[in-house]
Every structure is written in C-alpha cells, then in structure tokens.
Amino acid sequence: MDTLTGLLDGPRARGAFLLRTVLEPPFALRIQDRAPLTLVTLVRGSAQIIHDSPVRLGPGDVAVIRGPEPYTVADDPSTPWQTIIGPGQVCTTVDGVPKAHLGVRSWGDPVGTGTEMITGTYQLESEVSRRLLGALPAVLVQPAAGTDRTLVGLLTAEMSGNDPGQALVLDRLLDLLLVSVLRAWLAGPDDGVPAWHRAGRDPIVGPALRLLHSAPDKPWTVATLAARAGVSRSLLARRFTELVGEPPMAYLTGWRLTLAADLLRSPDATLEAVARQVGYGSAFALSAAFKREHGVSPQQFRRQTPEEHFTAYAPTSSPVVVLARP
C-alpha cells in the first residue's frame with residue numbers, strides 16, 4: 001500500500017455538503033462549521049482564504065482547508081464579516097437572520113455576476129481519517145494550472161441536478177478531486193509533506209513502510225522488516241529513524257493506534273475485532289496501548305463527541321502550502 005492510499009483508505013464522503021455560492025464584492029464569510037475538511041473551488045472572480053495569513057484564490061484554483069478551526073473567505077482581508085456559517089451549515093447574517101438559497105445547491109447574491117465558488121464539505125469526522133487530518137497543512141492550495149479541470153467540470157455540472165443517486169455521484173467526485181490535489185502535493189517539493197511520505201521514496205525505508213502500512217496486523221519486528229528489505233537490522237533502524245523521525249516499532253505503534261481510532265468510530269466494530277485488525281492480541285492489550293497514547297480508553301474515545309475528538313487529536317501546526325504552478 002502506498003502512502004496516499006494509506007492516507008485515504010477508510011471512510012469516505014457520505015452525503016457531503018456541496019454548495020455553489022455567488023457573491024458580489026465586498027463579501028466576507030466567517031466559517032465556523034467545525035467541519036474536518038473542506039474543498040473550495042473558484043469558478044470565477046477572486047477570493048481570499050484568511051486563516052493564519054491570507055491566501056489568494058483565482059479562477060480554477062482549489063483549496064483544501066483542514067478543520068475544525070474557523071476561517072474567513074472574503075474579497076479582501078479588511079472586509080468585515082457579513083455572513084456566519086455555523087455547525088450543520090446553518091447560514092445567517094452577522095445579526096442572526098437566515099440567508100435564503102437561490103435554488104438547487106446554490107446560495108448568494110441574485111445578481112450572479114461576481115465571484116462564484118463551489119464548496120464541498122466533509123461534515124463528519126468519521127468521513128476523514130485522522131491520519132489524513134494529521135498530515136495536512138491548515139490550507140493547501142492547488143493552482144488552476146495543476147488542477148484536474150475534467151473533475152471540476154463534472155462536479156459543476158452535477159451540482160445543478162437532482163437525479164436519483166445524485167448525492168452518491170457528488171460524494172465520489174468530491175473524493176476524486178481531493179485525491180487529485182493530495183497526489184500533486186505529495187508528488188511535489190517537500191514543503192509541508194510528512195516525513196514518513198518522503199521516506200517512502202527511500203530504497204531501504206520505503207519497502208519497510210509499505211509493509212507496515214499494508215499489514216499492520218502482522219507481528220513485525222525490526223529483524224523481520226530488515227530481512228524483507230534485504231538489509232541489516234542496524235542499518236534499517238538507523239535509516240528509518242533518520243528519515244521518519246522515530247524508530248520502526250514506535251512508528252508501527254502510532255500507525256496501529258491511528259487505525260484503531262478510525263475503526264472505533266464504527267458502531268458495529270467490537271473492541272476485540274479492532275484489536276485483531278491492528279495487530280494486538282487482545283482487547284485488553286489494545287486498551288492499554290490506546291490509553292497510553294491518547295490519554296483515554298477506547299470506550300471513552302467512543303463516547304466523545306466529534307468536537308472533543310478534534311480538541312484532543314487535531315494537529316497543532318497550521319502551515320499554509322501553495323503548490324507550485326506546473
């Protein structure tokens with residue numbers, strides 16, 4: 001399993017919130033929806049995403065925004081907020097007056113000649129793996145020149161329809177657009193890319209990482225990994241630690257517990273089944289390791305709200321990465 005597949009393997013968008021927005025300058029939307037992940041595609045005009053620092057978007061650019069921290073989409077950083085988007089995508093003026101929709105998945109100013117954007121939001125934490133959220137910068141921008149215009153065109157066309165199965169089609173198109181941006185990010189310069197992904201290109205560490213990602217349930221040791229990679233234990237351990245930032249077994253533990261956290265959000269998954277899937281011999285062993293790593297037991301983790309999950313496990317760094325134009 002390659003690292004991109006590892007990032008995206010798991011739950012996907014399910015009834016994702018998708019909206020076409022048309023706004024006449026000056027405009028400023030304050031996004032406080034606590035969503036784990038959002039994609040914004042600019043169709044025409046210009047806008048700025050204001051997180052830690054403003055990032056300008058032009059026609060065709062795609063921005064991936066990691067939640068749950070609030071951010072602003074505006075024509076200019078100095079424009080005061082006019083609209084608040086809260087949890088559940090409830091949209092009001094700053095005075096609390098609900099905003100009206102323009103039609104199927106459309107909202108904004110009726111003139112319709114200003115900035116137009118398409119927003120796709122993964123609304124539940126269970127739709128996005130914690131591994132992905134932990135790897136992403138706060139804002140990742142793919143310039144228009146590197147964006148898959150076919151996908152954007154399909155998404156735009158499907159937005160106005162209401163045929164049977166429309167929501168499923170939109171979910172999958174949103175997933176594909178996300179994958180296309182992430183592929184470009186991971187294939188490009190190392191700015192902001194996780195160390196373990198860069199290490200995946202190494203001829204010694206790469207094979208070991210792929211083994212850990214594809215079969216976390218196996219009883220791996222440094223010796224068995226080194227044998228499969230065709231190198232000595234000491235060389236693998238040293239090289240792995242240099243490139244990834246931690247020893248192989250520490251990385252494996254973190255990977256297993258990250259997978260366990262994703263699996264535990266499924267109400268049908270038993271603790272025993274999750275333990276087997278991620279390489280622990282018993283539910284007790286998984287519980288002990290999980291609590292050491294995260295400070296709560298698996299049972300407590302399951303009882304937490306999505307917002308509590310975000311507070312406890314969301315990344316603390318918030319870089320902004322703009323991909324180079326091809």
# chains A, B, ... in the order shown; residues from 1 in each chain; ligands from 1

call {"tool": "residues_around", "arguments": {"residues": "stretch 35-51 of chain A", "least_positions_apart": "6", "cutoff": "8 Å", "atoms": "only C-alpha atoms", "output": "MDAnalysis selection string"}}
result
chainID A and resid 57:68 70:77 87 114:125 128 133 138:139 152 178

call {"tool": "write_last_selection", "arguments": {"atoms": "C-alpha atoms", "output": "tab-separated table (two decimals), in the first residue's frame"}}
result
chain	number	residue	atom	x	y	z
A	57	LEU	CA	-7.55	32.20	-4.99
A	58	GLY	CA	-8.10	32.79	-8.69
A	59	PRO	CA	-10.36	31.05	-11.20
A	60	GLY	CA	-9.71	27.30	-11.27
A	61	ASP	CA	-7.71	27.20	-8.04
A	62	VAL	CA	-8.70	24.55	-5.48
A	63	ALA	CA	-8.12	24.98	-1.73
A	64	VAL	CA	-8.21	22.15	0.81
A	65	ILE	CA	-8.91	23.52	4.29
A	66	ARG	CA	-8.39	21.42	7.42
A	67	GLY	CA	-10.79	21.93	10.32
A	68	PRO	CA	-12.03	22.49	12.86
A	70	PRO	CA	-12.68	28.85	11.96
A	71	TYR	CA	-11.53	30.80	8.93
A	72	THR	CA	-12.80	33.53	6.61
A	73	VAL	CA	-13.47	33.64	2.86
A	74	ALA	CA	-13.54	37.25	1.65
A	75	ASP	CA	-12.84	39.52	-1.28
A	76	ASP	CA	-10.32	41.36	0.90
A	77	PRO	CA	-8.91	40.77	4.43
A	87	PRO	CA	-22.35	23.85	12.52
A	114	GLY	CA	-19.47	38.35	-9.09
A	115	THR	CA	-17.25	35.71	-7.54
A	116	GLU	CA	-18.54	32.17	-7.94
A	117	MET	CA	-17.21	29.24	-5.94
A	118	ILE	CA	-18.09	25.64	-5.21
A	119	THR	CA	-17.68	24.40	-1.66
A	120	GLY	CA	-17.60	20.72	-0.70
A	121	THR	CA	-17.51	19.83	2.98
A	122	TYR	CA	-16.88	16.53	4.72
A	123	GLN	CA	-19.32	17.03	7.54
A	124	LEU	CA	-18.46	14.23	9.96
A	125	GLU	CA	-15.10	13.31	11.45
A	128	VAL	CA	-11.92	11.53	7.03
A	133	LEU	CA	-6.00	15.28	9.05
A	138	ALA	CA	-4.18	24.08	7.54
A	139	VAL	CA	-4.65	25.36	3.98
A	152	VAL	CA	-14.12	20.25	-11.65
A	178	LEU	CA	-9.45	15.66	-3.03

call {"tool": "residues_around", "arguments": {"residues": "A:Leu174", "least_positions_apart": "2", "cutoff": "9 Å", "atoms": "only C-alpha atoms", "output": "ChimeraX atom specification"}}
result
/A:13,16,18,39,120-121,151,155,169-172,176-179

call {"tool": "closest_residue", "arguments": {"among": "A:Leu154, A:Ile84, A:Ala275, A:Leu136", "to": "A:Ala288", "atoms": "only C-alpha atoms"}}
result
A:Ala275

call {"tool": "select_by_dssp", "arguments": {"residues": "stretch 128-303 of chain A", "states": "strand (DSSP E or B)", "output": "PyMOL selection string"}}
result
chain A and resi 139-142

call {"tool": "write_last_selection", "arguments": {"atoms": "N, CA, C and O atoms", "output": "short mmCIF file (atom, residue, chain, number, x, y, z; two decimals), in the first residue's frame"}}
result
data_model
loop_
_atom_site.label_atom_id
_atom_site.label_comp_id
_atom_site.auth_asym_id
_atom_site.auth_seq_id
_atom_site.Cartn_x
_atom_site.Cartn_y
_atom_site.Cartn_z
N VAL A 139 -4.12 24.99 5.29
CA VAL A 139 -4.65 25.36 3.98
C VAL A 139 -3.68 24.87 2.91
O VAL A 139 -2.48 25.18 2.97
N LEU A 140 -4.20 24.11 1.96
CA LEU A 140 -3.40 23.60 0.85
C LEU A 140 -4.06 24.08 -0.45
O LEU A 140 -5.23 23.80 -0.68
N VAL A 141 -3.32 24.80 -1.27
CA VAL A 141 -3.89 25.38 -2.49
C VAL A 141 -3.25 24.75 -3.72
O VAL A 141 -2.02 24.74 -3.85
N GLN A 142 -4.09 24.25 -4.61
CA GLN A 142 -3.66 23.73 -5.90
C GLN A 142 -4.01 24.77 -6.97
O GLN A 142 -5.18 25.04 -7.21
#

call {"tool": "closest_atom_pairs", "arguments": {"of": "stretch 187-206 of chain A", "to": "stretch 231-241 of chain A", "cutoff": "12 Å", "atoms": "only C-alpha atoms", "output": "CSV"}}
result
residue,atom,partner,partner_atom,distance
A:Ala195,CA,A:Thr241,CA,10.5
A:Trp196,CA,A:Phe240,CA,9.1
A:His197,CA,A:Phe240,CA,11.9
A:Arg198,CA,A:Phe240,CA,11.3
A:Ala199,CA,A:Phe240,CA,7.8
A:Gly200,CA,A:Phe240,CA,10.0
A:Arg201,CA,A:Phe240,CA,11.8
A:Asp202,CA,A:Arg239,CA,9.3
A:Pro203,CA,A:Arg239,CA,10.4
A:Ile204,CA,A:Leu236,CA,6.8
A:Val205,CA,A:Phe240,CA,5.6
A:Gly206,CA,A:Phe240,CA,9.0

call {"tool": "write_last_selection", "arguments": {"atoms": "N, CA, C and O atoms", "output": "mmCIF file, in the first residue's frame"}}
result
data_model
loop_
_atom_site.group_PDB
_atom_site.id
_atom_site.type_symbol
_atom_site.label_atom_id
_atom_site.label_comp_id
_atom_site.auth_asym_id
_atom_site.auth_seq_id
_atom_site.Cartn_x
_atom_site.Cartn_y
_atom_site.Cartn_z
ATOM 1 N N ALA A 195 7.185 13.633 6.916
ATOM 2 C CA ALA A 195 8.493 12.967 6.801
ATOM 3 C C ALA A 195 8.344 11.520 6.373
ATOM 4 O O ALA A 195 9.150 11.002 5.598
ATOM 5 N N TRP A 196 7.302 10.834 6.872
ATOM 6 C CA TRP A 196 7.151 9.421 6.533
ATOM 7 C C TRP A 196 6.793 9.236 5.061
ATOM 8 O O TRP A 196 7.066 8.185 4.479
ATOM 9 N N HIS A 197 6.192 10.266 4.431
ATOM 10 C CA HIS A 197 5.953 10.140 2.990
ATOM 11 C C HIS A 197 7.245 10.319 2.207
ATOM 12 O O HIS A 197 7.501 9.577 1.249
ATOM 13 N N ARG A 198 8.056 11.299 2.591
ATOM 14 C CA ARG A 198 9.338 11.474 1.929
ATOM 15 C C ARG A 198 10.185 10.215 2.074
ATOM 16 O O ARG A 198 10.874 9.797 1.142
ATOM 17 N N ALA A 199 10.124 9.606 3.255
ATOM 18 C CA ALA A 199 10.901 8.395 3.495
ATOM 19 C C ALA A 199 10.438 7.237 2.629
ATOM 20 O O ALA A 199 11.200 6.303 2.371
ATOM 21 N N GLY A 200 9.186 7.273 2.168
ATOM 22 C CA GLY A 200 8.670 6.202 1.325
ATOM 23 C C GLY A 200 9.400 6.078 0.001
ATOM 24 O O GLY A 200 9.338 5.029 -0.651
ATOM 25 N N ARG A 201 10.127 7.133 -0.404
ATOM 26 C CA ARG A 201 10.887 7.085 -1.647
ATOM 27 C C ARG A 201 12.260 6.455 -1.461
ATOM 28 O O ARG A 201 12.962 6.176 -2.429
ATOM 29 N N ASP A 202 12.658 6.264 -0.205
ATOM 30 C CA ASP A 202 13.983 5.719 0.070
ATOM 31 C C ASP A 202 14.015 4.218 -0.233
ATOM 32 O O ASP A 202 13.079 3.492 0.123
ATOM 33 N N PRO A 203 15.077 3.705 -0.881
ATOM 34 C CA PRO A 203 15.111 2.286 -1.250
ATOM 35 C C PRO A 203 15.184 1.333 -0.063
ATOM 36 O O PRO A 203 14.862 0.155 -0.205
ATOM 37 N N ILE A 204 15.573 1.819 1.096
ATOM 38 C CA ILE A 204 15.643 0.964 2.283
ATOM 39 C C ILE A 204 14.394 1.125 3.136
ATOM 40 O O ILE A 204 13.730 0.151 3.509
ATOM 41 N N VAL A 205 14.047 2.361 3.451
ATOM 42 C CA VAL A 205 12.919 2.623 4.351
ATOM 43 C C VAL A 205 11.584 2.443 3.636
ATOM 44 O O VAL A 205 10.609 1.974 4.239
ATOM 45 N N GLY A 206 11.528 2.761 2.353
ATOM 46 C CA GLY A 206 10.272 2.668 1.612
ATOM 47 C C GLY A 206 9.627 1.300 1.678
ATOM 48 O O GLY A 206 8.431 1.187 2.008
#

call {"tool": "select_by_dssp", "arguments": {"residues": "stretch 188-219 of chain A", "states": "helix (DSSP H, G or I)", "output": "PyMOL selection string"}}
result
chain A and resi 195-199+205-214

call {"tool": "closest_residue", "arguments": {"among": "A:Pro164, A:Leu263, A:Val97, A:Trp107", "to": "A:Glu24", "atoms": "only C-alpha atoms"}}
result
A:Trp107

call {"tool": "residues_around", "arguments": {"residues": "A:Leu286", "least_positions_apart": "4", "cutoff": "9 Å", "atoms": "only C-alpha atoms", "output": "VMD selection string"}}
result
chain A and resid 257 260 271 to 272 274 to 275 278 to 282 290 to 291 298

call {"tool": "closest_residue", "arguments": {"among": "A:Gly188, A:Trp220, A:Arg265, A:Ala285", "to": "A:Gln299", "atoms": "only C-alpha atoms"}}
result
A:Arg265

call {"tool": "decode", "arguments": {"residues": "stretch 82-98 of chain A", "atoms": "all heavy atoms", "output": "PDB file, in the first residue's frame"}}
result
ATOM      1  N   GLN A  82     -19.910  39.499   7.044  1.00  0.00           N
ATOM      2  CA  GLN A  82     -21.304  39.752   6.720  1.00  0.00           C
ATOM      3  C   GLN A  82     -22.177  38.532   6.955  1.00  0.00           C
ATOM      4  O   GLN A  82     -23.359  38.650   7.250  1.00  0.00           O
ATOM      5  CB  GLN A  82     -21.418  40.167   5.244  1.00  0.00           C
ATOM      6  CG  GLN A  82     -20.623  41.398   4.887  1.00  0.00           C
ATOM      7  CD  GLN A  82     -20.361  41.502   3.406  1.00  0.00           C
ATOM      8  OE1 GLN A  82     -20.535  40.540   2.668  1.00  0.00           O
ATOM      9  NE2 GLN A  82     -19.931  42.665   2.950  1.00  0.00           N
ATOM     10  N   THR A  83     -21.555  37.334   6.804  1.00  0.00           N
ATOM     11  CA  THR A  83     -22.300  36.086   6.890  1.00  0.00           C
ATOM     12  C   THR A  83     -21.540  35.112   7.779  1.00  0.00           C
ATOM     13  O   THR A  83     -20.311  35.011   7.692  1.00  0.00           O
ATOM     14  CB  THR A  83     -22.488  35.470   5.492  1.00  0.00           C
ATOM     15  OG1 THR A  83     -23.139  36.435   4.642  1.00  0.00           O
ATOM     16  CG2 THR A  83     -23.318  34.202   5.549  1.00  0.00           C
ATOM     17  N   ILE A  84     -22.279  34.394   8.613  1.00  0.00           N
ATOM     18  CA  ILE A  84     -21.701  33.379   9.501  1.00  0.00           C
ATOM     19  C   ILE A  84     -22.236  32.022   9.081  1.00  0.00           C
ATOM     20  O   ILE A  84     -23.446  31.837   8.943  1.00  0.00           O
ATOM     21  CB  ILE A  84     -22.068  33.631  10.977  1.00  0.00           C
ATOM     22  CG1 ILE A  84     -21.723  35.070  11.392  1.00  0.00           C
ATOM     23  CG2 ILE A  84     -21.375  32.609  11.865  1.00  0.00           C
ATOM     24  CD1 ILE A  84     -20.257  35.387  11.403  1.00  0.00           C
ATOM     25  N   ILE A  85     -21.343  31.061   8.861  1.00  0.00           N
ATOM     26  CA  ILE A  85     -21.746  29.684   8.569  1.00  0.00           C
ATOM     27  C   ILE A  85     -21.352  28.831   9.765  1.00  0.00           C
ATOM     28  O   ILE A  85     -20.167  28.676  10.074  1.00  0.00           O
ATOM     29  CB  ILE A  85     -21.092  29.171   7.278  1.00  0.00           C
ATOM     30  CG1 ILE A  85     -21.539  30.049   6.108  1.00  0.00           C
ATOM     31  CG2 ILE A  85     -21.455  27.711   7.038  1.00  0.00           C
ATOM     32  CD1 ILE A  85     -20.921  29.686   4.786  1.00  0.00           C
ATOM     33  N   GLY A  86     -22.369  28.301  10.445  1.00  0.00           N
ATOM     34  CA  GLY A  86     -22.137  27.561  11.668  1.00  0.00           C
ATOM     35  C   GLY A  86     -22.264  26.064  11.488  1.00  0.00           C
ATOM     36  O   GLY A  86     -22.423  25.562  10.366  1.00  0.00           O
ATOM     37  N   PRO A  87     -22.198  25.309  12.584  1.00  0.00           N
ATOM     38  CA  PRO A  87     -22.349  23.854  12.519  1.00  0.00           C
ATOM     39  C   PRO A  87     -23.639  23.466  11.822  1.00  0.00           C
ATOM     40  O   PRO A  87     -24.667  24.138  11.963  1.00  0.00           O
ATOM     41  CB  PRO A  87     -22.358  23.448  13.994  1.00  0.00           C
ATOM     42  CG  PRO A  87     -21.570  24.521  14.687  1.00  0.00           C
ATOM     43  CD  PRO A  87     -21.908  25.779  13.952  1.00  0.00           C
ATOM     44  N   GLY A  88     -23.574  22.376  11.055  1.00  0.00           N
ATOM     45  CA  GLY A  88     -24.730  21.957  10.286  1.00  0.00           C
ATOM     46  C   GLY A  88     -24.963  22.802   9.059  1.00  0.00           C
ATOM     47  O   GLY A  88     -26.019  22.711   8.428  1.00  0.00           O
ATOM     48  N   GLN A  89     -23.965  23.649   8.723  1.00  0.00           N
ATOM     49  CA  GLN A  89     -24.042  24.543   7.562  1.00  0.00           C
ATOM     50  C   GLN A  89     -25.211  25.525   7.657  1.00  0.00           C
ATOM     51  O   GLN A  89     -25.783  25.938   6.644  1.00  0.00           O
ATOM     52  CB  GLN A  89     -24.128  23.732   6.259  1.00  0.00           C
ATOM     53  CG  GLN A  89     -23.000  22.741   6.071  1.00  0.00           C
ATOM     54  CD  GLN A  89     -21.628  23.392   6.088  1.00  0.00           C
ATOM     55  OE1 GLN A  89     -21.451  24.486   5.584  1.00  0.00           O
ATOM     56  NE2 GLN A  89     -20.651  22.712   6.680  1.00  0.00           N
ATOM     57  N   VAL A  90     -25.575  25.905   8.876  1.00  0.00           N
ATOM     58  CA  VAL A  90     -26.597  26.930   9.079  1.00  0.00           C
ATOM     59  C   VAL A  90     -25.988  28.281   8.731  1.00  0.00           C
ATOM     60  O   VAL A  90     -24.965  28.682   9.283  1.00  0.00           O
ATOM     61  CB  VAL A  90     -27.104  26.920  10.535  1.00  0.00           C
ATOM     62  CG1 VAL A  90     -28.067  28.081  10.769  1.00  0.00           C
ATOM     63  CG2 VAL A  90     -27.760  25.591  10.849  1.00  0.00           C
ATOM     64  N   CYS A  91     -26.626  28.991   7.801  1.00  0.00           N
ATOM     65  CA  CYS A  91     -26.079  30.218   7.244  1.00  0.00           C
ATOM     66  C   CYS A  91     -26.941  31.406   7.652  1.00  0.00           C
ATOM     67  O   CYS A  91     -28.144  31.437   7.385  1.00  0.00           O
ATOM     68  CB  CYS A  91     -26.028  30.088   5.718  1.00  0.00           C
ATOM     69  SG  CYS A  91     -25.234  31.445   4.887  1.00  0.00           S
ATOM     70  N   THR A  92     -26.329  32.388   8.336  1.00  0.00           N
ATOM     71  CA  THR A  92     -27.071  33.565   8.792  1.00  0.00           C
ATOM     72  C   THR A  92     -26.233  34.819   8.555  1.00  0.00           C
ATOM     73  O   THR A  92     -25.028  34.752   8.309  1.00  0.00           O
ATOM     74  CB  THR A  92     -27.390  33.477  10.300  1.00  0.00           C
ATOM     75  OG1 THR A  92     -26.162  33.529  11.037  1.00  0.00           O
ATOM     76  CG2 THR A  92     -28.140  32.190  10.631  1.00  0.00           C
ATOM     77  N   THR A  93     -26.890  35.959   8.650  1.00  0.00           N
ATOM     78  CA  THR A  93     -26.157  37.220   8.678  1.00  0.00           C
ATOM     79  C   THR A  93     -25.488  37.346  10.042  1.00  0.00           C
ATOM     80  O   THR A  93     -25.746  36.557  10.960  1.00  0.00           O
ATOM     81  CB  THR A  93     -27.098  38.408   8.459  1.00  0.00           C
ATOM     82  OG1 THR A  93     -27.982  38.504   9.591  1.00  0.00           O
ATOM     83  CG2 THR A  93     -27.915  38.238   7.192  1.00  0.00           C
ATOM     84  N   VAL A  94     -24.637  38.346  10.199  1.00  0.00           N
ATOM     85  CA  VAL A  94     -23.992  38.555  11.499  1.00  0.00           C
ATOM     86  C   VAL A  94     -25.015  38.895  12.567  1.00  0.00           C
ATOM     87  O   VAL A  94     -24.745  38.755  13.765  1.00  0.00           O
ATOM     88  CB  VAL A  94     -22.925  39.667  11.404  1.00  0.00           C
ATOM     89  CG1 VAL A  94     -21.731  39.208  10.584  1.00  0.00           C
ATOM     90  CG2 VAL A  94     -23.518  40.951  10.837  1.00  0.00           C
ATOM     91  N   ASP A  95     -26.206  39.337  12.142  1.00  0.00           N
ATOM     92  CA  ASP A  95     -27.281  39.641  13.099  1.00  0.00           C
ATOM     93  C   ASP A  95     -28.161  38.429  13.387  1.00  0.00           C
ATOM     94  O   ASP A  95     -29.157  38.543  14.104  1.00  0.00           O
ATOM     95  CB  ASP A  95     -28.148  40.776  12.552  1.00  0.00           C
ATOM     96  CG  ASP A  95     -27.365  42.067  12.372  1.00  0.00           C
ATOM     97  OD1 ASP A  95     -26.496  42.341  13.221  1.00  0.00           O
ATOM     98  OD2 ASP A  95     -27.607  42.769  11.374  1.00  0.00           O
ATOM     99  N   GLY A  96     -27.834  37.280  12.790  1.00  0.00           N
ATOM    100  CA  GLY A  96     -28.586  36.058  13.057  1.00  0.00           C
ATOM    101  C   GLY A  96     -29.762  35.820  12.142  1.00  0.00           C
ATOM    102  O   GLY A  96     -30.562  34.910  12.376  1.00  0.00           O
ATOM    103  N   VAL A  97     -29.900  36.613  11.062  1.00  0.00           N
ATOM    104  CA  VAL A  97     -31.011  36.428  10.123  1.00  0.00           C
ATOM    105  C   VAL A  97     -30.653  35.339   9.121  1.00  0.00           C
ATOM    106  O   VAL A  97     -29.586  35.406   8.491  1.00  0.00           O
ATOM    107  CB  VAL A  97     -31.318  37.738   9.371  1.00  0.00           C
ATOM    108  CG1 VAL A  97     -32.455  37.528   8.377  1.00  0.00           C
ATOM    109  CG2 VAL A  97     -31.653  38.841  10.361  1.00  0.00           C
ATOM    110  N   PRO A  98     -31.505  34.300   8.947  1.00  0.00           N
ATOM    111  CA  PRO A  98     -31.185  33.222   7.998  1.00  0.00           C
ATOM    112  C   PRO A  98     -31.046  33.749   6.579  1.00  0.00           C
ATOM    113  O   PRO A  98     -31.768  34.652   6.156  1.00  0.00           O
ATOM    114  CB  PRO A  98     -32.392  32.274   8.127  1.00  0.00           C
ATOM    115  CG  PRO A  98     -32.981  32.582   9.461  1.00  0.00           C
ATOM    116  CD  PRO A  98     -32.748  34.040   9.683  1.00  0.00           C
TER     117      PRO A  98
END
